[in-house]
Structure formats: structure tokens, C-alpha cells
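K.L.:
coords14.pdb is the file, holding PDB, C-alpha atoms and all ligand atoms:
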ATOM      1  CA  MET A 937      38.657 -33.218 -94.892
ATOM      2  CA  ASN A 938      37.843 -29.605 -95.487
ATOM      3  CA  MET A 939      35.691 -28.108 -92.706
ATOM      4  CA  ARG A 940      33.979 -25.807 -95.196
ATOM      5  CA  THR A 941      32.418 -28.799 -96.942
ATOM      6  CA  ILE A 942      30.482 -29.797 -93.816
ATOM      7  CA  PRO A 943      26.991 -28.234 -93.724
ATOM      8  CA  ALA A 944      26.508 -25.929 -90.726
ATOM      9  CA  GLY A 945      23.543 -27.979 -89.495
ATOM     10  CA  LEU A 946      25.594 -31.160 -89.393
ATOM     11  CA  LEU A 947      28.414 -29.361 -87.580
ATOM     12  CA  ILE A 948      25.998 -28.158 -84.889
ATOM     13  CA  ALA A 949      24.537 -31.667 -84.585
ATOM     14  CA  LEU A 950      28.056 -33.066 -84.159
ATOM     15  CA  VAL A 951      28.994 -30.510 -81.501
ATOM     16  CA  VAL A 952      25.742 -30.977 -79.602
ATOM     17  CA  GLY A 953      26.061 -34.757 -79.854
ATOM     18  CA  LEU A 954      29.650 -34.617 -78.685
ATOM     19  CA  SER A 955      28.913 -32.396 -75.689
ATOM     20  CA  SER A 956      26.102 -34.636 -74.515
ATOM     21  CA  VAL A 957      28.449 -37.616 -74.722
ATOM     22  CA  ILE A 958      31.063 -35.694 -72.746
ATOM     23  CA  GLY A 959      28.378 -34.544 -70.333
ATOM     24  CA  ILE A 960      27.261 -38.102 -69.687
ATOM     25  CA  ALA A 961      30.840 -39.334 -69.405
ATOM     26  CA  ALA A 962      31.749 -36.642 -66.890
ATOM     27  CA  HIS A 963      28.605 -37.294 -64.905
ATOM     28  CA  ASP A 964      29.123 -41.057 -64.899
ATOM     29  CA  SER A 965      32.756 -40.802 -63.874
ATOM     30  CA  THR A 966      31.986 -38.785 -60.734
ATOM     31  CA  PRO A 967      30.794 -41.680 -58.538
ATOM     32  CA  GLU A 968      33.715 -43.794 -59.718
ATOM     33  CA  ALA A 969      36.276 -41.051 -59.137
ATOM     34  CA  SER A 970      35.328 -40.454 -55.495
ATOM     35  CA  PRO A 971      36.016 -43.957 -54.125
ATOM     36  CA  ALA A 972      39.193 -44.099 -56.195
ATOM     37  CA  ALA A 973      40.434 -40.818 -54.686
ATOM     38  CA  SER A 974      39.591 -41.660 -51.066
ATOM     39  CA  PRO A 975      42.123 -44.445 -50.390
ATOM     40  CA  ALA A 976      44.940 -42.248 -51.698
ATOM     41  CA  ALA A 977      43.857 -39.334 -49.493
ATOM     42  CA  SER A 978      43.094 -41.180 -46.263
ATOM     43  CA  PRO A 979      46.651 -41.878 -45.017
ATOM     44  CA  VAL A 980      47.344 -38.137 -44.741
ATOM     45  CA  ALA A 981      43.849 -36.721 -44.318
ATOM     46  CA  MET A 982      42.822 -36.625 -40.684
ATOM     47  CA  SER A 983      39.438 -35.461 -39.545
ATOM     48  CA  THR A 984      40.604 -34.474 -36.082
ATOM     49  CA  GLY A 985      43.356 -32.291 -34.751
ATOM     50  CA  ALA A 986      44.582 -30.911 -31.469
ATOM     51  CA  ALA A 987      45.730 -27.450 -30.447
ATOM     52  CA  PHE A 988      48.067 -26.624 -27.607
ATOM     53  CA  MET A 989      49.065 -23.385 -25.889
ATOM     54  CA  THR A 990      50.146 -21.748 -22.682
ATOM     55  CA  ILE A 991      47.538 -19.758 -20.750
ATOM     56  CA  ALA A 992      48.733 -17.484 -17.958
ATOM     57  CA  ASN A 993      46.502 -15.782 -15.418
ATOM     58  CA  ASN A 994      48.236 -12.631 -14.176
ATOM     59  CA  GLY A 995      45.378 -11.630 -11.877
ATOM     60  CA  ASP A 996      44.399 -12.587  -8.350
ATOM     61  CA  THR A 997      41.131 -14.269  -9.325
ATOM     62  CA  ALA A 998      40.840 -17.668 -10.967
ATOM     63  CA  ASP A 999      39.514 -17.680 -14.525
ATOM     64  CA  ARG A1000      38.199 -20.500 -16.648
ATOM     65  CA  LEU A1001      38.462 -21.410 -20.314
ATOM     66  CA  ILE A1002      34.892 -22.403 -21.080
ATOM     67  CA  ALA A1003      34.640 -22.610 -24.874
ATOM     68  CA  VAL A1004      36.691 -22.670 -28.044
ATOM     69  CA  GLU A1005      35.663 -21.982 -31.601
ATOM     70  CA  THR A1006      37.833 -22.222 -34.670
ATOM     71  CA  GLU A1007      37.571 -21.602 -38.370
ATOM     72  CA  ALA A1008      39.529 -24.851 -38.884
ATOM     73  CA  ALA A1009      36.956 -27.302 -37.533
ATOM     74  CA  GLY A1010      33.252 -27.795 -37.049
ATOM     75  CA  VAL A1011      33.617 -28.395 -33.325
ATOM     76  CA  ALA A1012      36.334 -27.589 -30.798
ATOM     77  CA  GLU A1013      36.282 -29.080 -27.304
ATOM     78  CA  ILE A1014      38.488 -28.689 -24.256
ATOM     79  CA  HIS A1015      39.864 -32.125 -23.362
ATOM     80  CA  GLU A1016      41.991 -33.701 -20.717
ATOM     81  CA  VAL A1017      43.907 -36.945 -20.869
ATOM     82  CA  ALA A1018      43.328 -39.030 -17.778
ATOM     83  CA  ASP A1019      44.569 -42.349 -16.482
ATOM     84  CA  VAL A1020      41.410 -44.395 -16.006
ATOM     85  CA  SER A1021      42.360 -47.690 -14.340
ATOM     86  CA  GLY A1022      45.679 -47.758 -16.131
ATOM     87  CA  VAL A1023      44.258 -46.785 -19.527
ATOM     88  CA  MET A1024      45.048 -43.345 -20.871
ATOM     89  CA  THR A1025      41.770 -41.872 -22.021
ATOM     90  CA  MET A1026      40.754 -38.442 -23.169
ATOM     91  CA  ARG A1027      37.521 -36.746 -22.244
ATOM     92  CA  PRO A1028      35.881 -33.354 -22.527
ATOM     93  CA  LEU A1029      36.073 -31.008 -19.562
ATOM     94  CA  ASP A1030      32.412 -30.176 -19.103
ATOM     95  CA  ASP A1031      33.120 -27.287 -16.732
ATOM     96  CA  GLY A1032      36.009 -25.967 -18.768
ATOM     97  CA  LEU A1033      39.623 -25.605 -17.730
ATOM     98  CA  GLU A1034      40.461 -23.572 -14.654
ATOM     99  CA  ILE A1035      43.374 -21.161 -14.883
ATOM    100  CA  PRO A1036      44.271 -20.509 -11.216
ATOM    101  CA  ALA A1037      45.128 -16.977 -10.071
ATOM    102  CA  GLY A1038      48.774 -16.120 -10.662
ATOM    103  CA  GLU A1039      49.434 -19.390 -12.429
ATOM    104  CA  SER A1040      50.061 -20.655 -15.888
ATOM    105  CA  VAL A1041      48.526 -23.755 -17.467
ATOM    106  CA  GLU A1042      50.123 -25.474 -20.420
ATOM    107  CA  LEU A1043      48.032 -27.434 -22.888
ATOM    108  CA  MET A1044      50.278 -30.110 -24.360
ATOM    109  CA  PRO A1045      50.250 -33.572 -25.931
ATOM    110  CA  GLY A1046      49.272 -36.127 -23.286
ATOM    111  CA  GLY A1047      47.576 -33.475 -21.184
ATOM    112  CA  TYR A1048      45.015 -30.741 -21.644
ATOM    113  CA  HIS A1049      44.323 -29.927 -25.277
ATOM    114  CA  VAL A1050      41.795 -28.340 -27.570
ATOM    115  CA  MET A1051      40.262 -31.148 -29.609
ATOM    116  CA  MET A1052      39.175 -30.136 -33.074
ATOM    117  CA  ILE A1053      36.573 -32.420 -34.599
ATOM    118  CA  GLY A1054      35.470 -32.290 -38.214
ATOM    119  CA  LEU A1055      38.410 -30.478 -39.745
ATOM    120  CA  LYS A1056      37.401 -28.319 -42.681
ATOM    121  CA  GLY A1057      40.702 -29.024 -44.423
ATOM    122  CA  ASP A1058      44.047 -30.658 -43.852
ATOM    123  CA  LEU A1059      46.250 -29.057 -41.213
ATOM    124  CA  MET A1060      49.186 -28.138 -43.412
ATOM    125  CA  PRO A1061      52.482 -27.760 -41.519
ATOM    126  CA  GLY A1062      53.797 -24.199 -41.700
ATOM    127  CA  GLU A1063      50.319 -22.708 -42.066
ATOM    128  CA  THR A1064      48.255 -21.021 -39.367
ATOM    129  CA  PHE A1065      44.619 -20.729 -38.327
ATOM    130  CA  ASP A1066      42.677 -18.756 -35.745
ATOM    131  CA  LEU A1067      40.942 -19.951 -32.602
ATOM    132  CA  THR A1068      38.638 -17.900 -30.415
ATOM    133  CA  LEU A1069      38.940 -18.827 -26.755
ATOM    134  CA  THR A1070      36.154 -17.821 -24.390
ATOM    135  CA  PHE A1071      37.072 -17.206 -20.754
ATOM    136  CA  GLU A1072      34.578 -16.800 -17.961
ATOM    137  CA  HIS A1073      36.088 -13.454 -16.899
ATOM    138  CA  ALA A1074      38.492 -12.344 -19.621
ATOM    139  CA  GLY A1075      35.921 -12.903 -22.369
ATOM    140  CA  ASP A1076      36.857 -13.771 -25.936
ATOM    141  CA  VAL A1077      40.474 -13.975 -27.022
ATOM    142  CA  THR A1078      41.402 -14.723 -30.614
ATOM    143  CA  VAL A1079      44.762 -16.402 -31.077
ATOM    144  CA  THR A1080      46.665 -17.799 -34.042
ATOM    145  CA  ALA A1081      47.910 -21.379 -34.033
ATOM    146  CA  ARG A1082      50.951 -22.518 -35.967
ATOM    147  CA  ILE A1083      50.576 -25.955 -37.550
ATOM    148  CA  VAL A1084      53.465 -28.378 -37.202
ATOM    149  CA  MET A1085      54.132 -31.899 -38.401
ATOM    150  CA  GLY A1086      55.396 -33.587 -35.243
ATOM    151  CA  ASN A1087      54.223 -33.928 -31.680
ATOM    152  CA  GLU A1088      56.580 -31.395 -30.135
ATOM    153  CA  LYS A1089      55.997 -27.750 -29.382
ATOM    154  CA  PRO A1090      57.856 -25.864 -32.128
ATOM    155  CA  ALA A1091      60.919 -23.931 -31.011
ATOM    156  CA  GLU A1092      59.945 -20.818 -32.970
ATOM    157  CA  GLY A1093      57.552 -19.289 -35.439
ATOM    158  CA  MET A1094      54.551 -18.881 -33.196
ATOM    159  CA  ALA A1095      52.461 -15.713 -32.988
ATOM    160  CA  GLU A1096      53.081 -13.037 -30.358
ATOM    161  CA  PRO A1097      51.321 -13.578 -27.011
ATOM    162  CA  VAL A1098      47.785 -12.166 -26.840
ATOM    163  CA  ASN A1099      46.435 -10.407 -23.741
ATOM    164  CA  ALA A1100      42.844 -10.054 -22.597
ATOM    165  CA  GLY A1101      42.232  -8.769 -19.097
ATOM    166  CA  ASP A1102      44.425 -10.801 -16.758
ATOM    167  CA  ILE A1103      44.873 -13.601 -19.275
ATOM    168  CA  THR A1104      47.851 -14.021 -21.588
ATOM    169  CA  VAL A1105      47.802 -16.742 -24.233
ATOM    170  CA  SER A1106      51.086 -17.706 -25.881
ATOM    171  CA  ASP A1107      52.795 -20.431 -27.911
ATOM    172  CA  VAL A1108      49.700 -21.661 -29.727
ATOM    173  CA  TRP A1109      50.408 -24.615 -31.985
ATOM    174  CA  SER A1110      48.515 -27.453 -33.575
ATOM    175  CA  ARG A1111      48.815 -30.718 -35.413
ATOM    176  CA  GLY A1112      46.521 -33.282 -36.951
ATOM    177  CA  ALA A1113      45.609 -36.202 -34.740
ATOM    178  CA  PRO A1114      44.230 -39.660 -35.307
ATOM    179  CA  ALA A1115      40.818 -39.768 -33.650
ATOM    180  CA  MET A1116      41.819 -41.892 -30.676
ATOM    181  CA  SER A1117      45.265 -40.631 -29.723
ATOM    182  CA  HIS A1118      46.015 -37.258 -28.210
TER     183      HIS A1118
HETATM  184 CU    CU B   1      41.004 -34.989 -27.275
END
Translate this file's structure into C-alpha cells.
Ligand SMILES: [Cu+2]
P.N.:
Amino acid sequence: MNMRTIPAGLLIALVVGLSSVIGIAAHDSTPEASPAASPAASPVAMSTGAAFMTIANNGDTADRLIAVETEAAGVAEIHEVADVSGVMTMRPLDDGLEIPAGESVELMPGGYHVMMIGLKGDLMPGETFDLTLTFEHAGDVTVTARIVMGNEKPAEGMAEPVNAGDITVSDVWSRGAPAMSH
């Protein structure tokens, strides 16, 4: 068929008719596409993650990590893992985490950790994200976490240590975590 033989009015009607069909089809397929995509995504997509690091207090006064914020998650809490009647449970530290004078505290799997709830995206191994730690005395310290796949502190590739007052934060790393195991 020769396009030139089709009256312009008919052509417009066809195009308009076609786009409304496509529009309806695209609209209708949206609710169906979402449930179909979810099962495929859920085995790898985790809504929580944990961050670990070493915090040293080089001063002669105790300091305290009292809050954490991160661009990677809606909420970040300071947690401990405790043995409650033989059951390993994790819970938020309501008064924060004390960093004793002249000592160093390591946040690690099975111990203290920063719990990230409501991840804004997948934690992709090899990538990094920032966390802002708030200390009672040292104030705010922004550090960069390296994301890894496993449950072990990576041997290399982490950002340089960051100093704020008497506090030095080093070896910041992170991984996704199923909601109930840290
Ligand atoms: Cu936790």
C-alpha cells in the first residue's frame, strides 16, 4: 500500500487510535509487571544492611557514638548482639556506644554494628557509601564504607582513616543483611 493514498485525516485517526491502545496497554501492564518482577528480585534484594568499623579514642576522656545517618538507608541504628538466655539477639543501644579513653572499639559481625533499615538501593559489592557518625564530644564524622559480599572484614580497599578530635574511625565496611541475622 502506498502511504500517499491514505488521507491525512485517516492517518491522524490511526495514529491517535494506536497511541491510545498503546497507552492503555502500558497502563494495564504496570500492575501485572510489578508482582512478576518482585519474586525475581527478592532473593538478592535485602532491605537491611549492617556497617562495621574500628573506632579509636586517642584522648583521655571517654566519648560516645550516639547517632548514625547514612545516604544508603532511611534509618541507621547502633546495635549490639547479646546472648539473652542462650539466644543470640540484637538490640539497639539506646544510650549509644561508649568508646573508652585510650581504647579502640571494633564493630563487627556478631557484635556491635550499625544497622541500616530501609535500604534505598541494593548494597552492591565493590561500591561505597557515606555514613555520618555523631559523637558526644568529637561531633560529626563522615566516613566512607566499602561494600563487600561476604561476612568478613575485607583485607584491603577501604578508605583512609578519618580523624575528628580524639576520635579516629577506620576500616569501614558494609554488607547486606537478612533482617534477623547480624
Ligand atoms: Cu542489628
K.L.:
Could you tell me, as a list of chain:residue names, which residues have any atom at most 7 Å from (41.6, -17.0, -16.9), counting all atoms listed in the file?
P.N.:
A:Asn993, A:Ala998, A:Asp999, A:Arg1000, A:Leu1001, A:Ile1035, A:Phe1071, A:His1073, A:Ala1074, A:Asp1102, A:Ile1103
K.L.:
So, with only C-alpha atoms and all ligand atoms as the atoms that count, which of A:Glu1063, A:Asp996, A:Asn1099, A:Gly1112 lies closest to ligand CU 1 (chain B)?
P.N.:
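So, comparing all the options, the nearest one is A:Gly1112.
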K.L.:
Taking into account all atoms listed in the file, which residue in the set A:Thr1025, A:Thr1006, A:Thr1068, A:Ser983 is nearest to ligand CU 1 (chain B)?
P.N.:
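Among the listed residues, A:Thr1025 lies closest to ligand CU 1 (chain B).
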K.L.:
If the limit is 7 Å from any atom of ligand CU 1 (chain B), counting only C-alpha atoms and all ligand atoms, which residues qualify? Return them as a VMD selection string.
P.N.:
chain A and resid 986 1015 to 1016 1026 to 1027 1049 to 1051 1118
K.L.:
Of the residues A:Ile1053, A:Ala1008, A:Ala1100, A:Ile1002, which is the one nearest to Thr984 (chain A), using all atoms listed in the file?
P.N.:
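Closest residue, counting all atoms listed in the file: A:Ile1053.
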K.L.:
Can you measure CA of Thr997 (chain A) to CA of Trp1109 (chain A) for me? One decimal in Å is fine.
P.N.:
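Spanning CA of Thr997 (chain A) to CA of Trp1109 (chain A) is a straight-line distance of 26.6 Å.
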